Amino acid sequence: MSQINRIAASSKRINRTRTLNFTFNGKEYQGFEGDTVASALLANGVDVIGRSFKYSRPRGIITSDSQEPNAIFQIGSSQSSTIPNPRATQTDLYNGLTASSTNGWPNVDFDLMSTVGKLGGSMMPPGFYYKTFMFPQSLWMSYEHLIRKGAGLGASPTLSDPDSYDKMHQHCDVMIVGGGPAGLAAALSAAKTGARVIISDEQNEFGGSLLCSKQEINGDLPSLWVEKVMTQLTKMDNVLLLPRSTVFGYYDHNLLGINERRTDHLGENQQQCSRQRVHKVRAKQVILATGAHERPLVYGNNDVPGCMLATAISTYINRYDVVPGNELVLMTTNDNAYKAAIDWHQAGRKVVTIVDTRSASNGELVKRAKSLGIDIIFGHAVIEVSGKKRVKGVDIAPINAVNHSVIGAVKHLSCDTVASSGGWSPVVHLSSHTGSRPIWKEEVAGFVPGETVQKQHSCGGLEGIYALSKVLSDGFTTGALAAQAAGKGEGVFEGSLPLTNDPQEDESMALFHVPHSKKTSRAPKQFVDYQNDVTAAGIELANREGFESIEHVKRYTALGFGTDQGKLGNINGMAITAKSLGKTIAETGTTIFRPMYTPTTFGALAGADVKQLFDPARFSAMHKWHLENGAEFEDVGQWKRPWYFPRPVETMQESLERECLAVRNDVGILDASTLGKIDIQGKDAREFLNRVYTNPWSKLAVGKCRYGVMCKEDGMVFDDGVTACINDNRFLMTTTTGGAAGVLQWLELWHQTEWPELEVYFSTVTDHWSTMTVTGPKARKVLEKVCDIDVSNDNFKYMDWIEAKVAGVKARIFRISFTGELSFEINVQANYGLHTWKAVMAAGEEFNITPYGTETMHILRAEKGFIIVGQDTDGSVTPQDLDMNWVVGKNKEFSFLGKRSWGRDDNQRDDRKQMVGLKPKDPTFVLPEGAQIVFDKDQPIPMTMVGHVTSSYYSASMGYSFALAVVKGGINRKGQSVFLPLSNGTTVEAEICSPIFYDPKGARQNV
Amino acid sequence: MLHIYCPYCEEMREEEEFNPAGQAHIERPLQPEELSDEQWARYLFFRKNPRGLHHEMWVHAHGCRKYFNITRNTVTYQIMETYKMGLQPNITASKEG
């Protein structure tokens, strides 16, 4: 297919020697290097590029930039490369590009939903979904699914992304956002002071409006001035240029997020470097030179393909050699937009007429248009467009903007393109990101950045300065001032300003919503926010229904909710709200724009932090052995811990029973390396322990260990573990695997903030040691074979620790038990872990030594009633609730952490949830963990719940199932029955008992 | 994302290196047992939630592991000063007027 709208070569930005093939909605087209997808489609005369969100009306390309609400596509040829919703106007064309509309079914030219839209159009007011689908609420989920499918805003990829992404942290003196005339001038000015400058622009090259402007600078085309500036900036070592880089967010303390698209313009699966990069820039000073967006006018059927922004017309003609139509009607409120008609005329196509809403203008551009023979009609507006899939003509009429009325006869003109311009809206988005509210500036009829606490400057179009000479001088001045604020230069730009003659312009008219001969609610749809199908009538209706705050109007009508964030329509929507409420725009105010400025891919935000790097995994030194021996793993924090070691054709339950019985009858071995270990040193270490643990530490002798419980100041248990006295000034504390980091920070907190006078130091040594627990009646026999000292009960008592050599390696052995059996916990330097483990395994072979994992560990400890903090407790459980008064020091001098809170009334209640054991009546039934407990099974629903199951297992050694639970007043209810209504509708009965099921006297660990 | 000056490292560092640790300048009563439940609860549970200047404790968790204090504006997120544990702020709400 030929490029019917491509005109004779004049733009340097289109490379005619390189034809690019691409596919849109299954059809093949050609464009050139330098095209965007949008310019190539327009070159090919493609009018309908999608369907609208709610009414499924045919839509065409409206803009040439980030404002585009309609041309949002699904781009990419496969399920791994597809991206939903990039704007065709900002997507560089590459050979082989595949794009399709994000909505429209079965296709955009014939859309079934549009029939629904036509029939239901008048019945789909704002809030339609709220009003229609709210009841019954239980069905909302299924409605939502269908609504979203019908609406369609792109589909997520279903396969993993093969591309790589990365992140960089950057620091600079001056960060300049926007590479148009103001930004480039500021960059040059700031860079000349020696300041470190970063300048970024979302487009593929710097220059902004100058790339398609014809206003001469220093007697040459403005693009030539851009080239010269770029040559200078490129040579400067203190300048980083970031094209194709969108500043998507401006965050506190001058942090900016920039998404640099590095290979997207080259095609899919570019492997030479990362596809996108996020720069996190911390800037001493920020200059926002984001310019302004042209505002469209709101008129009847203003969404028919062929309705465009005036600047977009100029851009497509001057930058891309594309004239997107044959016969143009331009409607404008200002002189500036005349450029579009002049460009159109000079491109050799017909300007039907310029419809100027003002009564007159004698500006230079107006005169130039007249001199070219272009027809101009003042005091009129385009009130309605005819056509469905392409503009066929317009109705124009004289209007009175002040009382919003058509004041004369309507005249019909034929044309295929309507350009409109309602003036300019400064791009205040980034300045809003940090919470600064934009303020209405009447003289520029737009919002400009309001007060901010950031070290921020703004210049050029963003300040409502539009004349090129003023934009340039503002840029140079601001650049020098920002550099000075960053400590560079004198704050004055020393150099000659470029020379340019601004055309004299007459005053613009503040017009947003064009009147129609019918009242708004009866007129053809006048779209304000195209992406969400928000119309002027819809906004007025919302106002009538009582939505007066602009924030409420936004949420009720969805104005500005799309992926375009209301760039095109927001100001018009606010103006319409203001008018219908009889307020000024300044009084109505604006909603706040938030990050992202334009949608940013998850890939870019994640950077390299995906898969293995998303969250680090921690492995013990014995991990390789566990893998080789078929362990299944469990995540405990970041640790990968063996969960159990299945043998071939074993079920999990069979493995657990085998592992449990081995420990109870022979000997088992557990990798306990992940337990948190904190080395505590200093002459006041013992006193410190007294203050943070509930039990006393004054008399713990060197060579002894003790179990301790830590409470928060509210009296609730938050960690437990065994601490050993290495010498009088040194203790080794163990913590739960998941609690290690938190406990260390907790100790530091109290030492640094309350007791700095205590001489004590903490250091984490978790990773320094490999720990293996050898436990079971035959544990000593195994240890004797590999240990160089006497480990008999006489020489090495329960709760002692000793230094010895195990398998030739220096080790600390702790005789502590978490299983209730005779246990030795062997600690060796981490890198000897695997060696020692293997030696112990070899020594234990003749005794049936059996490796076991965390699940068996849990069963064995639960049989003994040993708690797991965080499983059996939840931050609302005191040691007393756990029936662990034995771990509370009665005569400790210092009022240790948590103690005072136990005296509070609430902690003294008899009916607190207390830890107990539960025996199900059916000894084979394992209660689900988390099951709720009631006293009376016959009470009506909602029942009074009195506790829940915290741990529950089947015990192979005891031959019945059992559980730990918390029950209100449970300690005094032993022997009583409770009931557990389960999620499957059945209720089971269980008996409250002691939580210590196995070897209640503790004889087995003491042998 | 805040940019925080650690008074111990004497450097500006990124927020992700720090953890907030609640209101600053709360002193643990020396004799908890002598307090009424209400007094104890006031120490334990009651915290300020000002709109404007606030003194907070932060910890340089992924740095020097030191706790320190920050005077911060809770509306604008501006950090007016950071100072070591045990020192008093130079900037207070009353001084700012």
# chains A, B, ... in the order shown; residues from 1 in each chain; ligands from 1
>>> interface_residues(of="chain A", to="chain B", cutoff="9 Å", atoms="only C-alpha atoms", output="list of chain:residue names")
A:Tyr251, A:Asp252, A:His253, A:Asn254, A:Leu255, A:Arg282, A:Thr434, A:Gly435, A:Thr452, A:Val453, A:Gln454, A:Glu713, A:Asp714, A:Gln745, A:Glu748, A:Leu749, A:Gln752, A:Thr753, A:Glu754, A:Ser895, A:Lys899, A:Arg900, A:Ser901, A:Gly903, A:Arg904, A:Asp905
>>> residues_around(residues="Pro426 of chain A", least_positions_apart="2", cutoff="7 Å", atoms="only C-alpha atoms", output="list in words")
Gly291, Ala292, His293, Trp424, Val428, Gly446, Phe447, Val448, Gly461, Leu462, Glu463 and Gly464 of chain A
>>> write_last_selection(atoms="C-alpha atoms", output="short mmCIF file (atom, residue, chain, number, x, y, z; two decimals), in the first residue's frame")
data_model
loop_
_atom_site.label_atom_id
_atom_site.label_comp_id
_atom_site.auth_asym_id
_atom_site.auth_seq_id
_atom_site.Cartn_x
_atom_site.Cartn_y
_atom_site.Cartn_z
CA GLY A 291 6.88 23.02 28.06
CA ALA A 292 3.19 23.11 27.37
CA HIS A 293 0.58 20.90 25.77
CA TRP A 424 -1.81 25.94 25.84
CA VAL A 428 2.76 20.90 35.44
CA GLY A 446 -3.44 27.80 32.36
CA PHE A 447 -2.12 26.23 35.53
CA VAL A 448 1.52 26.86 36.34
CA GLY A 461 6.39 27.06 28.41
CA LEU A 462 5.88 25.57 31.85
CA GLU A 463 5.74 29.14 33.19
CA GLY A 464 3.32 30.17 30.46
#
>>> residues_around(residues="segment 172-185 of chain A", least_positions_apart="2", cutoff="9 Å", atoms="only C-alpha atoms", output="number ranges by chain")
A: 170, 187-191, 195-203, 205-211, 226, 229-230, 233, 243, 246-247, 256, 281-291, 459-461, 468, 471-479, 482-483, 485-488
>>> select_by_dssp(residues="segment 705-928 of chain A", states="alpha helix (DSSP H)", output="MDAnalysis selection string")
chainID A and resid 740:753 779:786 833:844 854:863 899:902 905:908
>>> write_last_selection(atoms="N, CA and C atoms", output="short mmCIF file (atom, residue, chain, number, x, y, z; two decimals), in the first residue's frame")
data_model
loop_
_atom_site.label_atom_id
_atom_site.label_comp_id
_atom_site.auth_asym_id
_atom_site.auth_seq_id
_atom_site.Cartn_x
_atom_site.Cartn_y
_atom_site.Cartn_z
N ALA A 740 16.30 -13.10 63.65
CA ALA A 740 17.69 -12.73 63.94
C ALA A 740 17.96 -11.23 63.75
N ALA A 741 17.56 -10.72 62.58
CA ALA A 741 17.87 -9.31 62.28
C ALA A 741 17.11 -8.38 63.23
N GLY A 742 15.84 -8.73 63.47
CA GLY A 742 15.02 -7.89 64.34
C GLY A 742 15.54 -7.87 65.77
N VAL A 743 16.02 -9.01 66.26
CA VAL A 743 16.54 -9.07 67.63
C VAL A 743 17.80 -8.23 67.75
N LEU A 744 18.68 -8.33 66.76
CA LEU A 744 19.91 -7.54 66.81
C LEU A 744 19.57 -6.04 66.86
N GLN A 745 18.62 -5.62 66.03
CA GLN A 745 18.23 -4.21 66.02
C GLN A 745 17.59 -3.81 67.36
N TRP A 746 16.85 -4.75 67.95
CA TRP A 746 16.21 -4.53 69.25
C TRP A 746 17.26 -4.32 70.34
N LEU A 747 18.28 -5.15 70.34
CA LEU A 747 19.33 -5.00 71.35
C LEU A 747 20.06 -3.67 71.17
N GLU A 748 20.33 -3.34 69.91
CA GLU A 748 21.00 -2.06 69.64
C GLU A 748 20.13 -0.89 70.10
N LEU A 749 18.84 -1.00 69.84
CA LEU A 749 17.92 0.07 70.22
C LEU A 749 18.03 0.38 71.70
N TRP A 750 17.95 -0.66 72.53
CA TRP A 750 17.96 -0.41 73.97
C TRP A 750 19.33 0.03 74.45
N HIS A 751 20.35 -0.53 73.86
CA HIS A 751 21.69 -0.13 74.29
C HIS A 751 21.96 1.32 73.90
N GLN A 752 21.64 1.67 72.63
CA GLN A 752 21.99 3.01 72.16
C GLN A 752 21.10 4.10 72.73
N THR A 753 19.82 3.78 72.96
CA THR A 753 18.90 4.87 73.32
C THR A 753 18.64 4.97 74.81
N ALA A 779 22.59 -40.65 70.18
CA ALA A 779 23.38 -39.48 69.76
C ALA A 779 24.79 -39.53 70.34
N ARG A 780 24.90 -39.95 71.62
CA ARG A 780 26.22 -39.96 72.24
C ARG A 780 27.15 -40.95 71.56
N LYS A 781 26.55 -42.10 71.16
CA LYS A 781 27.38 -43.11 70.51
C LYS A 781 27.98 -42.58 69.21
N VAL A 782 27.18 -41.77 68.51
CA VAL A 782 27.68 -41.19 67.27
C VAL A 782 28.78 -40.18 67.58
N LEU A 783 28.50 -39.31 68.54
CA LEU A 783 29.44 -38.24 68.84
C LEU A 783 30.78 -38.79 69.34
N GLU A 784 30.69 -39.84 70.14
CA GLU A 784 31.91 -40.44 70.68
C GLU A 784 32.88 -40.83 69.58
N LYS A 785 32.34 -41.24 68.44
CA LYS A 785 33.20 -41.71 67.35
C LYS A 785 33.94 -40.58 66.65
N VAL A 786 33.40 -39.35 66.72
CA VAL A 786 34.04 -38.26 65.97
C VAL A 786 34.59 -37.16 66.86
N GLY A 833 31.46 -26.92 57.64
CA GLY A 833 30.16 -27.52 57.93
C GLY A 833 29.91 -28.80 57.18
N LEU A 834 30.16 -28.75 55.88
CA LEU A 834 29.85 -29.91 55.06
C LEU A 834 30.74 -31.10 55.44
N HIS A 835 32.01 -30.80 55.66
CA HIS A 835 32.95 -31.85 56.08
C HIS A 835 32.51 -32.52 57.37
N THR A 836 32.15 -31.69 58.34
CA THR A 836 31.76 -32.22 59.64
C THR A 836 30.46 -33.01 59.54
N TRP A 837 29.53 -32.46 58.79
CA TRP A 837 28.23 -33.14 58.59
C TRP A 837 28.47 -34.54 58.01
N LYS A 838 29.32 -34.60 56.98
CA LYS A 838 29.57 -35.90 56.33
C LYS A 838 30.23 -36.87 57.30
N ALA A 839 31.15 -36.34 58.12
CA ALA A 839 31.83 -37.21 59.07
C ALA A 839 30.85 -37.75 60.11
N VAL A 840 29.93 -36.90 60.56
CA VAL A 840 28.94 -37.33 61.54
C VAL A 840 28.00 -38.36 60.90
N MET A 841 27.63 -38.12 59.66
CA MET A 841 26.76 -39.07 58.96
C MET A 841 27.43 -40.43 58.84
N ALA A 842 28.71 -40.40 58.51
CA ALA A 842 29.43 -41.67 58.36
C ALA A 842 29.51 -42.40 59.69
N ALA A 843 29.79 -41.62 60.76
CA ALA A 843 29.90 -42.23 62.09
C ALA A 843 28.55 -42.79 62.54
N GLY A 844 27.48 -42.15 62.09
CA GLY A 844 26.16 -42.55 62.56
C GLY A 844 25.51 -43.65 61.74
N THR A 854 12.71 -29.46 58.80
CA THR A 854 11.99 -28.56 59.71
C THR A 854 10.64 -29.12 60.14
N GLU A 855 10.01 -29.93 59.27
CA GLU A 855 8.68 -30.42 59.62
C GLU A 855 8.78 -31.41 60.78
N THR A 856 9.74 -32.34 60.70
CA THR A 856 9.93 -33.28 61.81
C THR A 856 10.37 -32.53 63.08
N MET A 857 11.22 -31.53 62.88
CA MET A 857 11.62 -30.70 64.03
C MET A 857 10.39 -30.10 64.71
N HIS A 858 9.45 -29.63 63.90
CA HIS A 858 8.23 -29.04 64.46
C HIS A 858 7.40 -30.07 65.22
N ILE A 859 7.27 -31.25 64.65
CA ILE A 859 6.46 -32.29 65.31
C ILE A 859 7.10 -32.66 66.66
N LEU A 860 8.41 -32.88 66.61
CA LEU A 860 9.09 -33.34 67.83
C LEU A 860 9.02 -32.29 68.94
N ARG A 861 9.19 -31.03 68.55
CA ARG A 861 9.17 -29.99 69.60
C ARG A 861 7.74 -29.81 70.11
N ALA A 862 6.74 -29.97 69.22
CA ALA A 862 5.35 -29.80 69.66
C ALA A 862 4.97 -30.93 70.62
N GLU A 863 5.47 -32.14 70.39
CA GLU A 863 5.20 -33.25 71.31
C GLU A 863 5.69 -32.90 72.72
N LYS A 899 8.18 -6.43 82.04
CA LYS A 899 7.71 -6.81 83.38
C LYS A 899 6.54 -5.95 83.86
N ARG A 900 6.73 -4.63 83.75
CA ARG A 900 5.72 -3.73 84.30
C ARG A 900 4.35 -3.94 83.63
N SER A 901 4.38 -4.31 82.35
CA SER A 901 3.12 -4.43 81.63
C SER A 901 2.29 -5.63 82.08
N TRP A 902 2.94 -6.64 82.64
CA TRP A 902 2.16 -7.79 83.09
C TRP A 902 1.18 -7.42 84.19
N ASP A 905 -4.25 -4.43 84.06
CA ASP A 905 -5.48 -5.22 84.26
C ASP A 905 -5.71 -6.22 83.13
N ASP A 906 -5.50 -5.72 81.91
CA ASP A 906 -5.82 -6.56 80.76
C ASP A 906 -4.96 -7.82 80.73
N ASN A 907 -3.76 -7.71 81.26
CA ASN A 907 -2.88 -8.87 81.24
C ASN A 907 -3.09 -9.79 82.45
N GLN A 908 -4.00 -9.38 83.33
CA GLN A 908 -4.29 -10.18 84.51
C GLN A 908 -5.60 -10.95 84.38
#
>>> closest_residue(among="B:Asn73, B:Thr82, B:Asn19, B:Thr92", to="Gly52 of chain B", atoms="only C-alpha atoms")
B:Asn73
>>> residues_around(residues="Ala523 of chain A", least_positions_apart="4", cutoff="12 Å", atoms="only C-alpha atoms", output="ChimeraX atom specification")
/A:122,298-302,383-385,514-519,527,535-538
>>> write_last_selection(atoms="C-alpha atoms", output="PDB file, in the first residue's frame")
ATOM      1  CA  SER A 122     -27.805   7.748  26.240  1.00  0.00           C
ATOM      2  CA  VAL A 298     -14.599  20.607  23.001  1.00  0.00           C
ATOM      3  CA  TYR A 299     -17.245  20.475  20.255  1.00  0.00           C
ATOM      4  CA  GLY A 300     -19.856  18.070  18.890  1.00  0.00           C
ATOM      5  CA  ASN A 301     -18.521  14.742  17.609  1.00  0.00           C
ATOM      6  CA  ASN A 302     -14.993  16.011  18.180  1.00  0.00           C
ATOM      7  CA  ILE A 383     -20.094  23.304  16.628  1.00  0.00           C
ATOM      8  CA  GLU A 384     -20.406  19.829  15.211  1.00  0.00           C
ATOM      9  CA  VAL A 385     -18.609  17.391  12.962  1.00  0.00           C
ATOM     10  CA  VAL A 514     -17.785  25.314  22.300  1.00  0.00           C
ATOM     11  CA  PRO A 515     -21.532  26.039  22.505  1.00  0.00           C
ATOM     12  CA  HIS A 516     -23.985  24.116  20.357  1.00  0.00           C
ATOM     13  CA  SER A 517     -27.409  25.189  19.154  1.00  0.00           C
ATOM     14  CA  LYS A 518     -28.861  22.439  21.306  1.00  0.00           C
ATOM     15  CA  LYS A 519     -28.183  22.375  25.012  1.00  0.00           C
ATOM     16  CA  PHE A 527     -15.688  14.617  24.302  1.00  0.00           C
ATOM     17  CA  THR A 535     -18.237  14.119  27.732  1.00  0.00           C
ATOM     18  CA  ALA A 536     -19.125  17.700  28.583  1.00  0.00           C
ATOM     19  CA  ALA A 537     -22.692  16.536  29.209  1.00  0.00           C
ATOM     20  CA  GLY A 538     -21.405  13.858  31.591  1.00  0.00           C
TER      21      GLY A 538
END
>>> residues_around(residues="segment 987-1004 of chain A", least_positions_apart="4", cutoff="7 Å", atoms="only C-alpha atoms", output="list in words")
Gly820, Glu821, Leu822, Glu863, Lys864, Gly865, Val916, Gly917, Leu918, Lys919, Pro920, Lys921, Leu964, Arg973, Lys974, Gly975, Gln976, Ser977, Val978, Phe979, Leu980, Pro981 and Leu982 of chain A
>>> write_last_selection(atoms="C-alpha atoms", output="PDB file, in the first residue's frame")
ATOM      1  CA  GLY A 820      13.284 -33.811  74.208  1.00  0.00           C
ATOM      2  CA  GLU A 821      15.929 -36.405  73.390  1.00  0.00           C
ATOM      3  CA  LEU A 822      19.599 -36.514  74.290  1.00  0.00           C
ATOM      4  CA  GLU A 863       5.204 -33.245  71.306  1.00  0.00           C
ATOM      5  CA  LYS A 864       7.277 -31.617  74.048  1.00  0.00           C
ATOM      6  CA  GLY A 865       5.130 -28.465  74.171  1.00  0.00           C
ATOM      7  CA  VAL A 916      -2.860 -25.626  76.045  1.00  0.00           C
ATOM      8  CA  GLY A 917      -2.661 -28.997  74.347  1.00  0.00           C
ATOM      9  CA  LEU A 918      -5.575 -30.484  72.445  1.00  0.00           C
ATOM     10  CA  LYS A 919      -6.330 -34.153  71.896  1.00  0.00           C
ATOM     11  CA  PRO A 920      -8.881 -34.744  69.136  1.00  0.00           C
ATOM     12  CA  LYS A 921     -11.537 -37.303  70.101  1.00  0.00           C
ATOM     13  CA  LEU A 964      -1.246 -26.908  70.528  1.00  0.00           C
ATOM     14  CA  ARG A 973      -9.905 -26.003  81.691  1.00  0.00           C
ATOM     15  CA  LYS A 974      -7.758 -29.086  81.305  1.00  0.00           C
ATOM     16  CA  GLY A 975      -9.891 -32.169  80.854  1.00  0.00           C
ATOM     17  CA  GLN A 976     -12.784 -30.196  79.369  1.00  0.00           C
ATOM     18  CA  SER A 977     -14.075 -30.652  75.847  1.00  0.00           C
ATOM     19  CA  VAL A 978     -14.038 -27.968  73.181  1.00  0.00           C
ATOM     20  CA  PHE A 979     -15.430 -27.982  69.673  1.00  0.00           C
ATOM     21  CA  LEU A 980     -13.967 -26.957  66.355  1.00  0.00           C
ATOM     22  CA  PRO A 981     -16.457 -26.065  63.608  1.00  0.00           C
ATOM     23  CA  LEU A 982     -14.480 -26.668  60.406  1.00  0.00           C
TER      24      LEU A 982
END
>>> residues_around(residues="Pro879 of chain A", least_positions_apart="6", cutoff="12 Å", atoms="only C-alpha atoms", output="JSON, numbers by chain")
{"A": [693, 694, 695, 708, 709, 710, 711, 712, 714, 715, 716, 717, 718, 719, 720, 867, 869, 872, 873, 885, 886, 887, 888, 889, 898, 899, 901, 902, 907, 912, 913, 914, 915]}
>>> write_last_selection(atoms="C-alpha atoms", output="PDB file, in the first residue's frame")
ATOM      1  CA  TYR A 693      15.409 -11.399  78.950  1.00  0.00           C
ATOM      2  CA  THR A 694      12.635 -12.274  81.363  1.00  0.00           C
ATOM      3  CA  ASN A 695      14.734 -14.774  83.315  1.00  0.00           C
ATOM      4  CA  GLY A 708      15.502 -17.276  77.553  1.00  0.00           C
ATOM      5  CA  VAL A 709      12.391 -15.453  76.450  1.00  0.00           C
ATOM      6  CA  MET A 710      12.346 -11.857  75.291  1.00  0.00           C
ATOM      7  CA  CYS A 711       9.312  -9.642  75.600  1.00  0.00           C
ATOM      8  CA  LYS A 712       8.526  -6.291  74.135  1.00  0.00           C
ATOM      9  CA  ASP A 714       4.092  -4.357  76.335  1.00  0.00           C
ATOM     10  CA  GLY A 715       4.851  -7.704  77.965  1.00  0.00           C
ATOM     11  CA  MET A 716       4.295  -9.853  74.889  1.00  0.00           C
ATOM     12  CA  VAL A 717       6.731 -12.586  73.841  1.00  0.00           C
ATOM     13  CA  PHE A 718       8.670 -11.685  70.706  1.00  0.00           C
ATOM     14  CA  ASP A 719      11.633 -14.040  70.561  1.00  0.00           C
ATOM     15  CA  ASP A 720      13.244 -16.923  72.371  1.00  0.00           C
ATOM     16  CA  ILE A 867       6.676 -23.134  71.380  1.00  0.00           C
ATOM     17  CA  VAL A 869       7.497 -17.857  68.445  1.00  0.00           C
ATOM     18  CA  ASP A 872       2.193 -20.492  68.657  1.00  0.00           C
ATOM     19  CA  THR A 873       2.431 -16.822  69.617  1.00  0.00           C
ATOM     20  CA  ASN A 885       6.078 -18.632  84.680  1.00  0.00           C
ATOM     21  CA  TRP A 886       9.271 -20.603  85.241  1.00  0.00           C
ATOM     22  CA  VAL A 887      11.011 -18.406  82.673  1.00  0.00           C
ATOM     23  CA  VAL A 888      10.154 -15.205  84.559  1.00  0.00           C
ATOM     24  CA  GLY A 889      12.661 -13.971  87.108  1.00  0.00           C
ATOM     25  CA  GLY A 898       7.966  -6.301  79.635  1.00  0.00           C
ATOM     26  CA  LYS A 899       7.705  -6.813  83.385  1.00  0.00           C
ATOM     27  CA  SER A 901       3.115  -4.428  81.626  1.00  0.00           C
ATOM     28  CA  TRP A 902       2.161  -7.795  83.090  1.00  0.00           C
ATOM     29  CA  ASN A 907      -2.880  -8.872  81.245  1.00  0.00           C
ATOM     30  CA  ARG A 912      -6.946 -14.487  78.383  1.00  0.00           C
ATOM     31  CA  LYS A 913      -6.154 -16.894  75.612  1.00  0.00           C
ATOM     32  CA  GLN A 914      -3.725 -19.357  77.119  1.00  0.00           C
ATOM     33  CA  MET A 915      -1.651 -22.078  75.534  1.00  0.00           C
TER      34      MET A 915
END
>>> atom_distance(atom1="atom CA of Gly637 of chain A", atom2="atom CA of Gly739 of chain A")
8.9 Å
